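Asks: Shown below is the structure under consideration.
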Amino acid sequence: MRTNHEILSKVPEVTLGFWVIKILATTLGETGGDTVTMTRLHADKNAHNGGYLIGTGIFLAVFVAAVIVQISTRRFNAWAYWAAIVASTTVGTAMADFFDRSLGIGYAGGSSILFACVLCSLAAWYFNLGSINVQTVATPKAEIFYWVTITFSQTLGTALGDWIADGTGLGYDGGALLFCAGLLLLAALYRWTTISSVFLFWAAFILTRPLGATVGDFLDKPMSHGGLALSRPLASGVIFAVIIVFVLVLPQRPGRHPKPNVGVQVQ
(Lines give C-alpha, C1' and ligand atoms only; values in the text may rest on other atoms or scores of the structure.)
Protein backbone atom coordinates (compact mmCIF):
# COMPACT_ATOMS: atom_id res chain seq x y z
CA MET A 1 0.00 0.00 0.00
CA ARG A 2 2.97 2.35 0.42
CA THR A 3 5.80 3.80 -1.64
CA ASN A 4 8.81 5.59 -0.16
CA HIS A 5 6.99 8.91 0.16
CA GLU A 6 3.36 8.14 -0.66
CA ILE A 7 0.41 6.02 0.41
CA LEU A 8 -1.70 4.51 -2.35
CA SER A 9 -5.46 5.00 -2.11
CA LYS A 10 -8.15 2.33 -2.52
CA VAL A 11 -10.00 4.56 -5.01
CA PRO A 12 -8.94 5.51 -8.56
CA GLU A 13 -6.90 8.50 -9.52
CA VAL A 14 -9.33 11.26 -10.49
CA THR A 15 -8.87 11.69 -14.24
CA LEU A 16 -11.13 12.38 -17.19
CA GLY A 17 -11.53 8.62 -17.58
CA PHE A 18 -12.77 8.42 -13.99
CA TRP A 19 -15.54 10.92 -14.71
CA VAL A 20 -16.54 9.20 -17.96
CA ILE A 21 -16.97 5.85 -16.21
CA LYS A 22 -18.70 7.51 -13.24
CA ILE A 23 -21.34 9.12 -15.48
CA LEU A 24 -21.90 5.82 -17.29
CA ALA A 25 -22.21 4.03 -13.94
CA THR A 26 -24.82 6.51 -12.71
CA THR A 27 -26.78 6.11 -15.94
CA LEU A 28 -26.66 2.33 -15.53
CA GLY A 29 -27.84 2.76 -11.94
CA GLU A 30 -30.94 4.56 -13.18
CA THR A 31 -31.84 2.16 -15.99
CA GLY A 32 -30.85 -0.91 -13.97
CA GLY A 33 -32.75 0.21 -10.88
CA ASP A 34 -35.85 1.02 -12.94
CA THR A 35 -35.60 -2.38 -14.66
CA VAL A 36 -36.18 -4.10 -11.32
CA THR A 37 -38.56 -1.70 -9.56
CA MET A 38 -40.61 -0.61 -12.56
CA THR A 39 -40.29 -3.17 -15.37
CA ARG A 40 -40.29 -6.24 -13.10
CA LEU A 41 -42.12 -5.06 -9.97
CA HIS A 42 -44.39 -2.45 -11.65
CA ALA A 43 -43.87 0.16 -8.95
CA ASP A 44 -44.28 2.89 -11.55
CA LYS A 45 -47.92 1.85 -11.94
CA ASN A 46 -48.54 1.62 -8.18
CA ALA A 47 -45.99 3.32 -5.92
CA HIS A 48 -47.48 1.54 -2.88
CA ASN A 49 -47.26 -2.05 -4.13
CA GLY A 50 -43.95 -2.60 -2.34
CA GLY A 51 -41.89 -2.58 -5.54
CA TYR A 52 -39.63 0.30 -4.53
CA LEU A 53 -39.11 -1.16 -1.05
CA ILE A 54 -38.32 -4.63 -2.41
CA GLY A 55 -35.96 -3.13 -4.98
CA THR A 56 -34.24 -1.12 -2.27
CA GLY A 57 -33.76 -4.26 -0.18
CA ILE A 58 -32.33 -6.23 -3.11
CA PHE A 59 -29.93 -3.52 -4.21
CA LEU A 60 -28.91 -2.69 -0.64
CA ALA A 61 -27.88 -6.32 -0.09
CA VAL A 62 -25.87 -6.28 -3.33
CA PHE A 63 -24.28 -2.96 -2.38
CA VAL A 64 -23.25 -4.14 1.10
CA ALA A 65 -21.71 -7.28 -0.41
CA ALA A 66 -19.84 -5.20 -3.00
CA VAL A 67 -18.49 -2.81 -0.36
CA ILE A 68 -17.35 -5.73 1.81
CA VAL A 69 -15.41 -7.09 -1.16
CA GLN A 70 -13.98 -3.63 -1.89
CA ILE A 71 -12.85 -3.08 1.70
CA SER A 72 -11.44 -6.63 1.92
CA THR A 73 -9.08 -6.08 -1.01
CA ARG A 74 -5.58 -5.18 0.12
CA ARG A 75 -5.00 -2.65 -2.64
CA PHE A 76 -6.91 -0.80 -5.34
CA ASN A 77 -8.86 -3.12 -7.61
CA ALA A 78 -10.69 -1.43 -10.47
CA TRP A 79 -13.32 -4.17 -10.84
CA ALA A 80 -14.17 -4.23 -7.14
CA TYR A 81 -14.33 -0.43 -6.99
CA TRP A 82 -16.58 0.08 -10.02
CA ALA A 83 -18.83 -2.82 -9.02
CA ALA A 84 -19.40 -1.05 -5.70
CA ILE A 85 -20.07 2.25 -7.49
CA VAL A 86 -22.65 0.69 -9.81
CA ALA A 87 -24.27 -1.04 -6.82
CA SER A 88 -24.45 2.28 -4.98
CA THR A 89 -26.16 3.95 -7.94
CA THR A 90 -28.82 1.24 -8.23
CA VAL A 91 -29.63 1.27 -4.52
CA GLY A 92 -29.67 5.08 -4.69
CA THR A 93 -32.22 4.95 -7.50
CA ALA A 94 -34.56 2.55 -5.70
CA MET A 95 -34.15 4.29 -2.33
CA ALA A 96 -34.84 7.77 -3.70
CA ASP A 97 -37.94 6.55 -5.53
CA PHE A 98 -39.14 4.84 -2.35
CA PHE A 99 -38.72 8.01 -0.29
CA ASP A 100 -40.14 10.36 -2.90
CA ARG A 101 -43.03 8.27 -4.24
CA SER A 102 -43.95 5.50 -1.81
CA LEU A 103 -43.50 7.55 1.38
CA GLY A 104 -44.76 10.72 -0.31
CA ILE A 105 -41.91 12.94 0.89
CA GLY A 106 -41.63 14.48 -2.57
CA TYR A 107 -38.65 15.55 -4.62
CA ALA A 108 -37.94 18.79 -2.75
CA GLY A 109 -38.26 17.23 0.70
CA GLY A 110 -36.26 14.15 -0.25
CA SER A 111 -33.48 16.18 -1.86
CA SER A 112 -33.23 18.48 1.18
CA ILE A 113 -33.03 15.59 3.64
CA LEU A 114 -30.46 13.73 1.57
CA PHE A 115 -28.34 16.85 1.08
CA ALA A 116 -28.27 17.25 4.86
CA CYS A 117 -27.22 13.58 5.16
CA VAL A 118 -24.34 14.14 2.72
CA LEU A 119 -23.14 17.17 4.69
CA CYS A 120 -23.39 15.30 8.01
CA SER A 121 -21.49 12.33 6.60
CA LEU A 122 -18.71 14.56 5.26
CA ALA A 123 -18.53 16.44 8.57
CA ALA A 124 -18.28 13.21 10.59
CA TRP A 125 -15.61 11.94 8.22
CA TYR A 126 -13.59 15.17 8.52
CA PHE A 127 -13.81 15.42 12.31
CA ASN A 128 -12.84 11.77 12.76
CA LEU A 129 -9.99 11.54 10.24
CA GLY A 130 -9.02 15.14 9.51
CA SER A 131 -9.56 14.99 5.73
CA ILE A 132 -12.29 14.22 3.21
CA ASN A 133 -9.85 14.06 0.31
CA VAL A 134 -10.70 10.84 -1.54
CA GLN A 135 -7.02 10.26 -2.27
CA THR A 136 -6.57 9.55 1.47
CA VAL A 137 -9.00 6.61 1.41
CA ALA A 138 -6.49 3.92 2.32
CA THR A 139 -7.86 2.43 5.56
CA PRO A 140 -11.07 0.50 6.36
CA LYS A 141 -12.33 3.36 8.55
CA ALA A 142 -11.84 5.90 5.77
CA GLU A 143 -13.50 3.53 3.30
CA ILE A 144 -16.57 3.19 5.50
CA PHE A 145 -16.97 6.96 5.64
CA TYR A 146 -16.36 7.12 1.88
CA TRP A 147 -19.02 4.57 0.98
CA VAL A 148 -21.61 5.98 3.40
CA THR A 149 -21.10 9.39 1.81
CA ILE A 150 -21.26 7.85 -1.67
CA THR A 151 -24.58 6.17 -0.87
CA PHE A 152 -26.15 9.41 0.36
CA SER A 153 -24.78 11.34 -2.64
CA GLN A 154 -26.07 8.79 -5.14
CA THR A 155 -29.53 8.82 -3.56
CA LEU A 156 -29.50 12.63 -3.45
CA GLY A 157 -28.54 12.73 -7.13
CA THR A 158 -31.50 10.57 -8.12
CA ALA A 159 -33.96 12.71 -6.18
CA LEU A 160 -32.41 15.91 -7.52
CA GLY A 161 -32.48 14.67 -11.10
CA ASP A 162 -36.15 13.69 -10.84
CA TRP A 163 -36.98 17.00 -9.19
CA ILE A 164 -35.35 19.06 -11.93
CA ALA A 165 -36.74 16.95 -14.79
CA ASP A 166 -40.29 16.49 -13.46
CA GLY A 167 -40.80 19.39 -11.08
CA THR A 168 -39.45 22.29 -13.12
CA GLY A 169 -40.77 21.42 -16.55
CA LEU A 170 -37.28 21.12 -18.05
CA GLY A 171 -37.81 17.49 -18.94
CA TYR A 172 -35.11 14.83 -19.06
CA ASP A 173 -33.18 16.35 -21.96
CA GLY A 174 -33.33 19.83 -20.45
CA GLY A 175 -32.27 18.49 -17.05
CA ALA A 176 -29.32 16.64 -18.61
CA LEU A 177 -28.18 19.84 -20.35
CA LEU A 178 -28.48 21.79 -17.09
CA PHE A 179 -26.34 19.30 -15.18
CA CYS A 180 -23.81 19.18 -18.02
CA ALA A 181 -23.53 22.96 -17.77
CA GLY A 182 -22.99 22.66 -14.02
CA LEU A 183 -20.17 20.15 -14.51
CA LEU A 184 -18.53 22.37 -17.12
CA LEU A 185 -18.68 25.27 -14.67
CA LEU A 186 -17.00 23.15 -11.98
CA ALA A 187 -14.31 22.12 -14.49
CA ALA A 188 -13.67 25.79 -15.28
CA LEU A 189 -13.44 26.62 -11.58
CA TYR A 190 -10.94 23.79 -11.12
CA ARG A 191 -8.86 24.96 -14.07
CA TRP A 192 -8.82 28.70 -13.50
CA THR A 193 -9.43 29.32 -9.79
CA THR A 194 -7.89 28.32 -6.47
CA ILE A 195 -11.12 26.96 -5.01
CA SER A 196 -10.49 23.80 -2.97
CA SER A 197 -10.12 20.80 -5.27
CA VAL A 198 -11.69 18.63 -2.55
CA PHE A 199 -14.83 20.80 -2.53
CA LEU A 200 -14.99 20.78 -6.33
CA PHE A 201 -14.56 17.00 -6.43
CA TRP A 202 -17.51 16.37 -4.12
CA ALA A 203 -19.65 18.94 -5.94
CA ALA A 204 -18.88 17.22 -9.25
CA PHE A 205 -19.36 13.76 -7.78
CA ILE A 206 -22.83 14.69 -6.55
CA LEU A 207 -23.71 16.45 -9.82
CA THR A 208 -22.78 13.50 -12.04
CA ARG A 209 -25.52 11.45 -10.37
CA PRO A 210 -28.51 13.58 -11.45
CA LEU A 211 -26.89 13.84 -14.89
CA GLY A 212 -26.86 10.04 -15.11
CA ALA A 213 -30.39 9.88 -13.69
CA THR A 214 -31.82 12.28 -16.28
CA VAL A 215 -29.96 10.59 -19.15
CA GLY A 216 -31.18 7.19 -17.96
CA ASP A 217 -34.76 8.43 -17.70
CA PHE A 218 -34.48 10.06 -21.12
CA LEU A 219 -33.49 6.70 -22.58
CA ASP A 220 -36.19 4.54 -21.01
CA LYS A 221 -39.17 6.72 -20.12
CA PRO A 222 -42.23 6.72 -22.45
CA MET A 223 -42.30 9.24 -25.28
CA SER A 224 -45.39 10.77 -23.72
CA HIS A 225 -43.19 11.70 -20.74
CA GLY A 226 -40.34 13.07 -22.83
CA GLY A 227 -38.27 9.89 -23.08
CA LEU A 228 -37.17 7.63 -25.94
CA ALA A 229 -39.07 4.58 -24.64
CA LEU A 230 -36.08 2.26 -25.07
CA SER A 231 -36.08 -1.13 -23.38
CA ARG A 232 -34.69 -0.74 -19.86
CA PRO A 233 -32.98 -4.15 -19.83
CA LEU A 234 -31.47 -3.54 -23.26
CA ALA A 235 -30.26 -0.04 -22.37
CA SER A 236 -28.78 -1.39 -19.12
CA GLY A 237 -26.99 -4.19 -20.97
CA VAL A 238 -25.47 -1.82 -23.52
CA ILE A 239 -24.29 0.65 -20.87
CA PHE A 240 -22.87 -2.21 -18.79
CA ALA A 241 -20.90 -3.47 -21.79
CA VAL A 242 -19.54 0.02 -22.48
CA ILE A 243 -18.42 0.35 -18.84
CA ILE A 244 -16.57 -2.98 -19.09
CA VAL A 245 -14.75 -1.78 -22.21
CA PHE A 246 -13.83 1.56 -20.63
CA VAL A 247 -12.52 -0.04 -17.44
CA LEU A 248 -10.33 -2.27 -19.63
CA VAL A 249 -9.13 0.50 -21.94
CA LEU A 250 -8.88 3.62 -19.78
CA PRO A 251 -6.01 3.90 -17.29
CA GLN A 252 -7.02 2.65 -13.84
CA ARG A 253 -4.41 3.77 -11.33
CA PRO A 254 -4.88 4.18 -7.59
CA GLY A 255 -4.87 7.69 -6.21
CA ARG A 256 -1.99 8.57 -3.94
CA HIS A 257 -1.20 11.05 -1.21
CA PRO A 258 1.92 12.00 0.75
CA LYS A 259 2.84 10.15 3.92
CA PRO A 260 2.10 12.33 6.94
CA ASN A 261 5.71 12.13 8.12
CA VAL A 262 7.28 13.65 5.01
CA GLY A 263 6.06 17.13 5.82
CA VAL A 264 3.66 17.49 2.91
CA GLN A 265 0.12 18.65 3.63
CA VAL A 266 -2.80 16.95 1.89
CA GLN A 267 -4.85 19.52 0.01
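By order in the C-alpha coordinates, chains are A, B, ...; within a chain, residues start at 1; ligands start at 1, following the order shown.
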If you count only C-alpha atoms, which residues fall within 10 Å of Ser236 (chain A), apart from same-chain ones fewer than 3 positions away, as a list in words?
Replies: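 Contacts, in chain order: Ala25, Thr27, Leu28, Gly29, Glu30, Thr31, Gly32, Gly33, Asp34, Thr35, Gly216, Leu219, Asp220, Ser231, Arg232, Pro233, Ile239, Phe240, Ala241 and Val242 of chain A.
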Asks: If you run DSSP on the backbone, which residues of region 93-242 of chain A are helix (DSSP H, G or I), as a PyMOL selection string?
Replies: chain A and resi 93-102+107-129+134-136+140-167+171-192+197-220+223-225+232-242
Asks: Using only C-alpha atoms, can you tell me which of A:Tyr146, A:Phe18, A:Tyr107, A:Tyr172 comes closest to Phe218 (chain A)?
Replies: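 The shortest atom-to-atom distance to Phe218 (chain A) comes from A:Tyr172.
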Asks: Find the spatial neighbours of Gly106 (chain A), counting only C-alpha atoms, within a cut-off of 10 Å - ignore same-chain residues fewer than 6 positions away - and output them as a ChimeraX atom specification.
Replies: /A:96-100,159,162-163,167
Asks: Quick one: distance from CA of Lys10 (chain A) to CA of Phe76 (chain A) in Å, one decimal?
Replies: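 CA of Lys10 (chain A) sits 4.4 Å away from CA of Phe76 (chain A).
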Asks: For CA of Arg101 (chain A) and CA of Lys45 (chain A), quote the distance in Å rounded to one decimal.
Replies: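 Computing it gives 11.2 Å between the two atoms.
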Asks: Quick one, how far is CA of Thr214 (chain A) from CA of Ser153 (chain A)?
Replies: 15.4 Å
Asks: Can you tell me, as a PyMOL selection string, what residues are no more than 12 Å from Leu186 (chain A) when counting only C-alpha atoms, ignoring any on the same chain fewer than 4 positions away?
Replies: chain A and resi 179-182+190-208
Asks: Give me the residues within 12 Å of His42 (chain A) as a list in words, counting only C-alpha atoms and dropping any in the same chain fewer than 3 places off.
Replies: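 Once the nearby chain positions are removed, what remains is Gly33, Asp34, Thr35, Val36, Thr37, Met38, Thr39, Lys45, Asn46, Ala47, His48, Asn49, Gly50, Gly51, Tyr52, Leu53, Ile54 and Gly55 of chain A.
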Asks: Check the smallest atom-to-atom distance from each of A:Ile243, A:Ala116, A:Ala124, A:Asp173 to Leu228 (chain A) using only C-alpha atoms, then report the winner.
Replies: A:Asp173
